[in-house]
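Notes follow the structure.
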Amino acid sequence: MVSFVGLTTASGLMHLASAKQPDYPTIEDFLPKPALFAGTPFAINRIILIRIILTVVILVVLGLTASHAKLIPSRWQSVVEYGLDFVRESIVYDVIGKERGKRYVSTITTIFFSIFIFNLGAVIPFANMAATATICAPLVFALWSVYNYWAAGIRAHGLGGFLREELFPAGIPWPIYILLAPINLIEITLIRPFSLTVRLFANMLSGHLLVGMCLAATQFFFIETNTKIFAPFGVLTLAGGMFMTCFEIFVAGLQAYIFSILTASYISMSLGEEEEEEDKKVSQAAQPAAQLAAVSA
Amino acid sequence: MGIATLAAVSGNVDILGYGLAALGPAIAMGLMTAKALESTARQPEVAGQLRTLMLLGIAFVEVLALLAFVLCFVK
């Protein structure tokens, strides 16, 4: 119920007096009035404030954990290490490859953890709003991802080589290129960042609306109506609200995972075919031979 | 229901549009999950890879439904 109190105060208490229908959350929740420094260019509204606080929380918590890191990890340290390990092993190394992926571990770890904690704002009491639920935060992450895969491609093949590889993939009859090249160009410049942004933003938006709708209906059925006939519906919507809150936590993790794994696979696509695997096989095959040679010598 | 009644249908009609738009992605997601499950049953040892690929595919499909969801709010 705590989270619900925040919701109603956010969208105005005046509905409470003459409620004919539940005080459903509206799109206005995502466009709050400036709370601090109103009128200046640095006006900060509720969502930006949540974003700033969560950033500080991430920095402080991870910084403290890192500075108190021990060889035998405490319980909290092993939780953080599990998270970092998960991102490194099953996102970066699995998708990009171990040798090439090392360089991108820090970037993708940052993306994953920031998005995850920002998303969790949706279920933190009194915040009740994912910091990624307005378009600008996902857009910044998406632009960062774009920068990364362009930089990766340009570093690996040069600008011309990267564009040739992306726009004119090999093994296709040339007339198709007239269609394919513009499509691919739009894909790597616009569609990828746009889809990354919309995916994260719309997920958080819909999650907030769903949780808010369930709890607003609960408030309506229990408190605001005069007849108590509808109380069973209130029980139903309360259970729905709890379920949606748990679902929000799941979605927060899932969207962070998907965002970072897509970024990783875009980087991997820009880098082109993986060559290290074969090198490794060759070197592994070469090793026993070299040892044999050394022994026989 | 006469044409006059039909014209009087009001309220949030966007919801109907969203319902239609969610149909395709829903079928696609179902197919993808079913295929991933099937492949996992055939070859349990690549379950991790399959799950990642399935989530990637679902992420691409999901955008279609989410686009419609966002467009509901664009007036």
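Ordered as shown in the structure tokens, chains take letters A, B, and onward, while each chain numbers its residues from 1 and ligands are numbered from 1 in the order shown.
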
Can you check which parts of chain B lie within 10 Å of chain A? Per residue, the shortest pair of atoms and distance in Å to one decimal, counting only C-alpha atoms, sorted by chain and number, as JSON lines.
```
{"residue": "B:Gly48", "atom": "CA", "partner": "A:Ser90", "partner_atom": "CA", "distance": 9.1}
{"residue": "B:Gln49", "atom": "CA", "partner": "A:Asp94", "partner_atom": "CA", "distance": 8.7}
{"residue": "B:Thr52", "atom": "CA", "partner": "A:Ile261", "partner_atom": "CA", "distance": 8.6}
{"residue": "B:Leu55", "atom": "CA", "partner": "A:Ile258", "partner_atom": "CA", "distance": 7.3}
{"residue": "B:Leu56", "atom": "CA", "partner": "A:Ile258", "partner_atom": "CA", "distance": 6.9}
{"residue": "B:Ile58", "atom": "CA", "partner": "A:Ile258", "partner_atom": "CA", "distance": 9.5}
{"residue": "B:Ala59", "atom": "CA", "partner": "A:Ile258", "partner_atom": "CA", "distance": 7.0}
{"residue": "B:Phe60", "atom": "CA", "partner": "A:Ser195", "partner_atom": "CA", "distance": 8.2}
{"residue": "B:Glu62", "atom": "CA", "partner": "A:Arg199", "partner_atom": "CA", "distance": 7.4}
{"residue": "B:Val63", "atom": "CA", "partner": "A:Arg199", "partner_atom": "CA", "distance": 5.6}
{"residue": "B:Leu64", "atom": "CA", "partner": "A:Ser195", "partner_atom": "CA", "distance": 9.1}
{"residue": "B:Ala65", "atom": "CA", "partner": "A:Arg199", "partner_atom": "CA", "distance": 9.5}
{"residue": "B:Leu66", "atom": "CA", "partner": "A:Ala202", "partner_atom": "CA", "distance": 6.0}
{"residue": "B:Leu67", "atom": "CA", "partner": "A:Val198", "partner_atom": "CA", "distance": 7.1}
{"residue": "B:Ala68", "atom": "CA", "partner": "A:Ala202", "partner_atom": "CA", "distance": 9.8}
{"residue": "B:Phe69", "atom": "CA", "partner": "A:Ala202", "partner_atom": "CA", "distance": 7.3}
{"residue": "B:Val70", "atom": "CA", "partner": "A:Ala202", "partner_atom": "CA", "distance": 6.5}
{"residue": "B:Phe73", "atom": "CA", "partner": "A:Ile27", "partner_atom": "CA", "distance": 8.0}
```

Report task. Name the residues in contact with Met54 in chain B at a cut-off of 8 Å, using only C-alpha atoms, excluding same-chain residues fewer than 5 positions from it; report them as a VMD selection string. Result -> chain B and resid 32 to 33 36

Requested in this report: Just the strand (DSSP E or B) stuff from range 20-145 of chain A, please, per backbone DSSP, written as a list in words.
Outcome: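 In range 20-145 of chain A, DSSP puts these residues in strand (DSSP E or B): Pro34, Ala35, Leu36, Ile44 and Asn45 of chain A.
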
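Residue neighbourhood of Gly153 in chain A, excluding near-sequence residues (fewer than 3 positions): Val146, Tyr147, Asn148, Tyr149, Trp150, Ala156, His157, Gly158, Leu159, Gly160, Gly161, Phe162, Leu163, Arg164, Glu165, Glu166, Ile188, Tyr266, Ile267, Ser268, Met269, Ser270, Leu271, Gly272 and Glu273 of chain A, at 12 Å, using only C-alpha atoms.
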
Resulting file, chosen residues, C-alpha atoms, as a PDB file, in the first residue's frame:
```pdb
ATOM      1  CA  VAL A 146      25.673   3.002 -31.209  1.00  0.00           C
ATOM      2  CA  TYR A 147      28.954   4.749 -30.472  1.00  0.00           C
ATOM      3  CA  ASN A 148      30.401   1.457 -29.275  1.00  0.00           C
ATOM      4  CA  TYR A 149      29.531  -0.629 -32.290  1.00  0.00           C
ATOM      5  CA  TRP A 150      30.560   2.050 -34.747  1.00  0.00           C
ATOM      6  CA  ALA A 156      38.513  -3.344 -36.811  1.00  0.00           C
ATOM      7  CA  HIS A 157      38.046  -2.508 -40.511  1.00  0.00           C
ATOM      8  CA  GLY A 158      38.425   1.262 -40.928  1.00  0.00           C
ATOM      9  CA  LEU A 159      35.448   3.438 -41.841  1.00  0.00           C
ATOM     10  CA  GLY A 160      35.289   2.299 -45.473  1.00  0.00           C
ATOM     11  CA  GLY A 161      35.756  -1.337 -44.597  1.00  0.00           C
ATOM     12  CA  PHE A 162      33.141  -1.214 -41.879  1.00  0.00           C
ATOM     13  CA  LEU A 163      30.562   0.396 -44.160  1.00  0.00           C
ATOM     14  CA  ARG A 164      31.357  -2.017 -46.972  1.00  0.00           C
ATOM     15  CA  GLU A 165      30.914  -4.978 -44.641  1.00  0.00           C
ATOM     16  CA  GLU A 166      27.650  -3.683 -43.202  1.00  0.00           C
ATOM     17  CA  ILE A 188      22.785   0.683 -38.330  1.00  0.00           C
ATOM     18  CA  TYR A 266      25.919  -5.451 -32.335  1.00  0.00           C
ATOM     19  CA  ILE A 267      29.561  -4.966 -31.345  1.00  0.00           C
ATOM     20  CA  SER A 268      30.265  -8.556 -32.324  1.00  0.00           C
ATOM     21  CA  MET A 269      28.581  -8.009 -35.714  1.00  0.00           C
ATOM     22  CA  SER A 270      30.669  -4.886 -36.313  1.00  0.00           C
ATOM     23  CA  LEU A 271      33.836  -6.770 -35.498  1.00  0.00           C
ATOM     24  CA  GLY A 272      32.989  -9.323 -38.175  1.00  0.00           C
ATOM     25  CA  GLU A 273      33.836 -13.005 -38.237  1.00  0.00           C
TER      26      GLU A 273
END
```

Requested in this report: Mind giving me the straight-line distance from CA of Ser145 in chain A to CA of Ala130 in chain A in Å, one decimal?
Outcome: 20.3 Å

Query raised in the report: If you count only C-alpha atoms, which residues fall within 6 Å of range 16-27 of chain B, apart from same-chain ones fewer than 2 positions away, as a list in words?
Result: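 Near neighbours after the sequence-gap exclusion: Val13, Asp14, Met29, Gly30, Val61, Ala65 and Ala68 of chain B.
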
Report task. Could you please write out, as a ChimeraX atom specification, every residue of range 127-170 of chain A that DSSP assigns to helix (DSSP H, G or I)? Result -> /A:136-167

Write the selection just made, keeping C-alpha atoms, as an mmCIF file, in the first residue's frame?
```cif
data_model
loop_
_atom_site.group_PDB
_atom_site.id
_atom_site.type_symbol
_atom_site.label_atom_id
_atom_site.label_comp_id
_atom_site.auth_asym_id
_atom_site.auth_seq_id
_atom_site.Cartn_x
_atom_site.Cartn_y
_atom_site.Cartn_z
ATOM 1 C CA CYS A 136 15.813 10.293 -22.522
ATOM 2 C CA ALA A 137 17.561 7.750 -20.283
ATOM 3 C CA PRO A 138 17.094 4.801 -22.677
ATOM 4 C CA LEU A 139 18.098 7.111 -25.538
ATOM 5 C CA VAL A 140 21.406 7.933 -23.859
ATOM 6 C CA PHE A 141 22.140 4.245 -23.327
ATOM 7 C CA ALA A 142 21.174 3.480 -26.925
ATOM 8 C CA LEU A 143 23.418 6.236 -28.290
ATOM 9 C CA TRP A 144 26.251 4.889 -26.200
ATOM 10 C CA SER A 145 25.645 1.464 -27.717
ATOM 11 C CA VAL A 146 25.673 3.002 -31.209
ATOM 12 C CA TYR A 147 28.954 4.749 -30.472
ATOM 13 C CA ASN A 148 30.401 1.457 -29.275
ATOM 14 C CA TYR A 149 29.531 -0.629 -32.290
ATOM 15 C CA TRP A 150 30.560 2.050 -34.747
ATOM 16 C CA ALA A 151 33.848 2.514 -32.931
ATOM 17 C CA ALA A 152 34.367 -1.259 -32.827
ATOM 18 C CA GLY A 153 33.686 -1.575 -36.551
ATOM 19 C CA ILE A 154 35.867 1.361 -37.501
ATOM 20 C CA ARG A 155 38.675 0.130 -35.283
ATOM 21 C CA ALA A 156 38.513 -3.344 -36.811
ATOM 22 C CA HIS A 157 38.046 -2.508 -40.511
ATOM 23 C CA GLY A 158 38.425 1.262 -40.928
ATOM 24 C CA LEU A 159 35.448 3.438 -41.841
ATOM 25 C CA GLY A 160 35.289 2.299 -45.473
ATOM 26 C CA GLY A 161 35.756 -1.337 -44.597
ATOM 27 C CA PHE A 162 33.141 -1.214 -41.879
ATOM 28 C CA LEU A 163 30.562 0.396 -44.160
ATOM 29 C CA ARG A 164 31.357 -2.017 -46.972
ATOM 30 C CA GLU A 165 30.914 -4.978 -44.641
ATOM 31 C CA GLU A 166 27.650 -3.683 -43.202
ATOM 32 C CA LEU A 167 26.060 -2.254 -46.362
#
```
